[in-house]
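One structure is given below, encoded as structure tokens.
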2 protein chains.
Amino acid sequence: MSRTATSSARAPRADARRNRDHILDAAEQYFSKHGVGGSLDAIAKQAGVGAGTLYRHFPNREALLAALLAARDEALMSRRDELRTKAANAADALDGWLEALTEWAGAFDGLPDPLRAAAATSTSPLAVTCEGFITTTEEFLHAAQRDGSARKEIRARDLFLVALATSWVRGAALADGTSAAALAGITRNGWELNSSHTRGVSATTAD
Amino acid sequence: MSRTATSSARAPRADARRNRDHILDAAEQYFSKHGVGGSLDAIAKQAGVGAGTLYRHFPNREALLAALLAARDEALMSRRDELRTKAANAADALDGWLEALTEWAGAFDGLPDPLRAAAATSTSPLAVTCEGFITTTEEFLHAAQRDGSARKEIRARDLFLVALATSWVRGAALADGTSAAALAGITRNGWELNSSHTRGVSATTAD
DNA sequence: GGACTATACGGAGACACTCCCCGTTTTGTC
DNA sequence: GACAAAACGGGGAGTGTCTCCGTATAGTCC
């Protein structure tokens with residue numbers, strides 16, 4: 001099991017690994033229920049460890065969040081691969097990717113805020129993740145721009161931010177939930193070039 | 001019970017009014033520097049009053065924020081009147097109004113968050129303000145829809161949320177700041193019907 | 001298996017913030 | 001100038017973050 005010999009770090013102790021997993025499980029649950037602003041001490045308690053243990057594994061809230069999201073990255077990546085091969089055209093692929101991003105950023109209540117902060121600072125563990133996704137966004141965007149279905153002046157980073165912002169708005173969800181589709185429609189019209197279709201109310205399936 | 005207490009009932013004591021003003025001044029300064037999340041105790045101290053006094057005047061952070069914004073409402077209203085009379089067309093008027101809203105919501109760092117929350121709950125002092133602005137948005141939007149310059153499926157509330165979201169994104173400002181214009185461009189293309197112009201980067205001269 | 005050490009644990013504690021409570025001070029009035 | 005209502009202020013309870021250090025334990029060597 002010493003395949004992590006890259007940094008010559010010794011294998012972590014068994015109890016440390018176990019506690020780390022417990023903390024991650026508790027955090028997943030707790031953040032799901034209380035949003036990313038939930039009490040870290042409460043998470044430690046729920047995980048059955050002391051506060052010190054939590055902070056040793058994850059020096060701050062962001063580090064914990066980053067570890068939590070790492071697990072979900074795979075899902076997003078496979079969604080990307082699926083879109084690459086199965087999308088009918090470049091525009092639909094980009095649209096699908098942005099929707100996937102938006103959903104990803106809505107995994108926990110309040111998650112868009114640290115993500116936005118990370119996208120700006122580039123010095124946080126979350127920033128790495130964000131940059132990777134911006135790169136993917138760029139891939140889809142360029143494809144759409146090449147085939148003339150996306151405006152040329154649009155930048156990938158801005159689209160990423162739009163996805164975060166959409167997620168942010170959805171977080172406060174009006175009761176009817178129709179805003180989610182409306183926002184997606186406005187966004188698509190925002191970047192699409194020959195938007196003959198009128199999306200947002202009729203064209204999308206209510207999800 | 002005396003509704004709309006426009007200096008009826010009993011006149012507030014002089015020191016109370018004075019302290020209220022001091023608190024408002026301090027809060028304006030403090031929020032400008034530290035964002036809306038700044039310490040309320042610190043504001044009390046800077047205002048030269050005890051914490052109890054602050055909380056008596058403004059039971060919570062939102063109430064303080066609402067009072068602070070009330071002063072700025074007038075500016076927005078006059079901007080609205082200006083757009084009503086001077087805008088070249090309905091689309092430009094709506095665009096100008098949304099830009100004004102976006103700027104308003106960016107008055108303090110972090111302001112979009114409580115505004116978004118207020119727009120959803122409708123039971124806060126801020127909610128009243130928000131609803132009023134949504135109504136104004138509706139006015140501009142309907143005008144634009146009537147003359148065929150805005151998509152018919154767009155709703156005013158969603159545009160208001162888009163303005164808040166734009167402000168939210170700007171809050172994390174990338175260094176270059178070009179995102180501000182990019183977002184505005186995407187938004188306009190999002191709701192405009194015959195967007196022949198390519199805004200956000202260049203293209204149109206007389207904007 | 002026993003001893004030894006690096007590693008990890010846990011929870012008390014220092015510090016910050018929100019908000020309430022109530023004894024004290026100030027204001028306005030007669 | 002006296003008096004009651006109005007307002008003040010800051011101590012303190014409750015909650016949260018994050019650190020420090022004495023103690024427990026896993027893994028290793030004999």
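Ligands are numbered from 1 in the order shown, chains are lettered A, B, ... in the order of the structure tokens, and residues start at 1 in each chain.
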
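Across all paired C-alpha atoms, chain A deviates from chain B by 2.6 Å RMSD after optimal superposition.
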
Residue list for chain A near chain B as a PyMOL selection string, 9 Å, only C-alpha atoms: chain A and resi 116-117+119-121+151+153-155+157-159+161-162+164-166+168-169+172-175+179+182-183+185-192+198-201

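Of the residues under consideration (C:DA3, C:DA14, C:DA8, C:DC30), C:DA8 shows the shortest atom-to-atom contact distance to chain A when counting only C-alpha atoms (C1' of nucleotides).
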
Selected residue, from D:DA13, D:DA24, D:DC18, D:DC8, that lies nearest to chain B when counting only C-alpha atoms (C1' of nucleotides): D:DC8

Output as a tab-separated table one row per residue of chain C within 9 Å of chain B: the closest atom pair and its distance in Å to one decimal place, counting only C-alpha atoms (C1' of nucleotides), sorted by chain and residue number ascending.
```
residue	atom	partner	partner_atom	distance
C:DC17	C1'	B:Ser39	CA	7.0
C:DT18	C1'	B:Leu40	CA	8.2
C:DC19	C1'	B:Tyr55	CA	7.6
C:DC20	C1'	B:Gly52	CA	8.3
C:DT26	C1'	B:Asp15	CA	8.4
C:DT27	C1'	B:Arg13	CA	7.0
C:DG28	C1'	B:Arg13	CA	8.4
```

Within 12 Å of chain B, which residues belong to chain D? Use only C-alpha atoms (C1' of nucleotides) and report them as a PDB file with N, CA and C atoms (P, O5', C5', C4', C3', O3' and C1' of nucleotides), in the first residue's frame.
```pdb
ATOM      1  P    DA D   5     -44.202  56.092  34.331  1.00  0.00           P
ATOM      2  O5'  DA D   5     -43.809  56.297  32.812  1.00  0.00           O
ATOM      3  C5'  DA D   5     -44.057  57.552  32.192  1.00  0.00           C
ATOM      4  C4'  DA D   5     -43.030  57.797  31.111  1.00  0.00           C
ATOM      5  C3'  DA D   5     -42.737  56.572  30.244  1.00  0.00           C
ATOM      6  O3'  DA D   5     -42.685  56.999  28.887  1.00  0.00           O
ATOM      7  C1'  DA D   5     -40.719  57.389  31.161  1.00  0.00           C
ATOM      8  P    DA D   6     -42.531  55.961  27.714  1.00  0.00           P
ATOM      9  O5'  DA D   6     -41.004  56.195  27.313  1.00  0.00           O
ATOM     10  C5'  DA D   6     -40.569  57.515  27.074  1.00  0.00           C
ATOM     11  C4'  DA D   6     -39.074  57.520  26.819  1.00  0.00           C
ATOM     12  C3'  DA D   6     -38.587  56.390  25.914  1.00  0.00           C
ATOM     13  O3'  DA D   6     -37.823  56.969  24.871  1.00  0.00           O
ATOM     14  C1'  DA D   6     -37.284  56.468  27.901  1.00  0.00           C
ATOM     15  P    DA D   7     -37.211  56.098  23.724  1.00  0.00           P
ATOM     16  O5'  DA D   7     -35.721  55.891  24.248  1.00  0.00           O
ATOM     17  C5'  DA D   7     -34.918  57.037  24.481  1.00  0.00           C
ATOM     18  C4'  DA D   7     -33.618  56.629  25.122  1.00  0.00           C
ATOM     19  C3'  DA D   7     -32.869  55.508  24.391  1.00  0.00           C
ATOM     20  O3'  DA D   7     -31.593  55.989  23.995  1.00  0.00           O
ATOM     21  C1'  DA D   7     -32.918  55.131  26.730  1.00  0.00           C
ATOM     22  P    DC D   8     -30.517  55.054  23.366  1.00  0.00           P
ATOM     23  O5'  DC D   8     -29.547  54.832  24.609  1.00  0.00           O
ATOM     24  C5'  DC D   8     -29.109  55.955  25.330  1.00  0.00           C
ATOM     25  C4'  DC D   8     -28.196  55.544  26.457  1.00  0.00           C
ATOM     26  C3'  DC D   8     -27.088  54.580  26.028  1.00  0.00           C
ATOM     27  O3'  DC D   8     -25.843  55.091  26.433  1.00  0.00           O
ATOM     28  C1'  DC D   8     -28.271  53.698  27.895  1.00  0.00           C
ATOM     29  P    DG D   9     -24.546  54.505  25.747  1.00  0.00           P
ATOM     30  O5'  DG D   9     -24.090  53.360  26.746  1.00  0.00           O
ATOM     31  C5'  DG D   9     -23.752  53.710  28.064  1.00  0.00           C
ATOM     32  C4'  DG D   9     -23.337  52.460  28.812  1.00  0.00           C
ATOM     33  C3'  DG D   9     -22.430  51.540  28.002  1.00  0.00           C
ATOM     34  O3'  DG D   9     -21.543  50.887  28.894  1.00  0.00           O
ATOM     35  C1'  DG D   9     -24.358  50.376  28.607  1.00  0.00           C
ATOM     36  P    DG D  10     -20.018  50.941  28.728  1.00  0.00           P
ATOM     37  O5'  DG D  10     -19.566  49.681  29.561  1.00  0.00           O
ATOM     38  C5'  DG D  10     -20.180  49.419  30.820  1.00  0.00           C
ATOM     39  C4'  DG D  10     -20.604  47.971  30.912  1.00  0.00           C
ATOM     40  C3'  DG D  10     -19.685  46.976  30.178  1.00  0.00           C
ATOM     41  O3'  DG D  10     -19.636  45.795  30.948  1.00  0.00           O
ATOM     42  C1'  DG D  10     -21.847  46.636  29.514  1.00  0.00           C
ATOM     43  P    DG D  11     -18.270  45.390  31.637  1.00  0.00           P
ATOM     44  O5'  DG D  11     -18.755  44.269  32.666  1.00  0.00           O
ATOM     45  C5'  DG D  11     -19.784  44.568  33.606  1.00  0.00           C
ATOM     46  C4'  DG D  11     -20.771  43.409  33.702  1.00  0.00           C
ATOM     47  C3'  DG D  11     -20.127  42.020  33.594  1.00  0.00           C
ATOM     48  O3'  DG D  11     -20.849  41.139  34.462  1.00  0.00           O
ATOM     49  C1'  DG D  11     -21.710  42.257  31.865  1.00  0.00           C
TER      50       DG D  11
END
```

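Each of A:Asp92, A:Glu103, A:Glu62, A:Glu28 was compared to Leu76 of chain A using only C-alpha atoms, and A:Glu103 turns out to be the nearest.
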
Residue contacts of DC21 of chain D (12 Å, only C-alpha atoms (C1' of nucleotides)) excluding same-chain residues fewer than 2 positions away, as an NGL selection string: (:A and (52)) or (:C and (9-13)) or (:D and (19 or 23))

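We find atom CA of Arg72 of chain A and atom CA of Ala107 of chain A to be spaced 9.2 Å apart.
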
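Shortest separation to Phe133 of chain B among B:Phe160, B:Asp109, B:Ser149, B:Gly48 occurs at residue B:Phe160, atoms counted being only C-alpha atoms.
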
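In this model, the gap between atom CA of Ala87 of chain B and atom CA of Leu115 of chain B comes to 27.2 Å.
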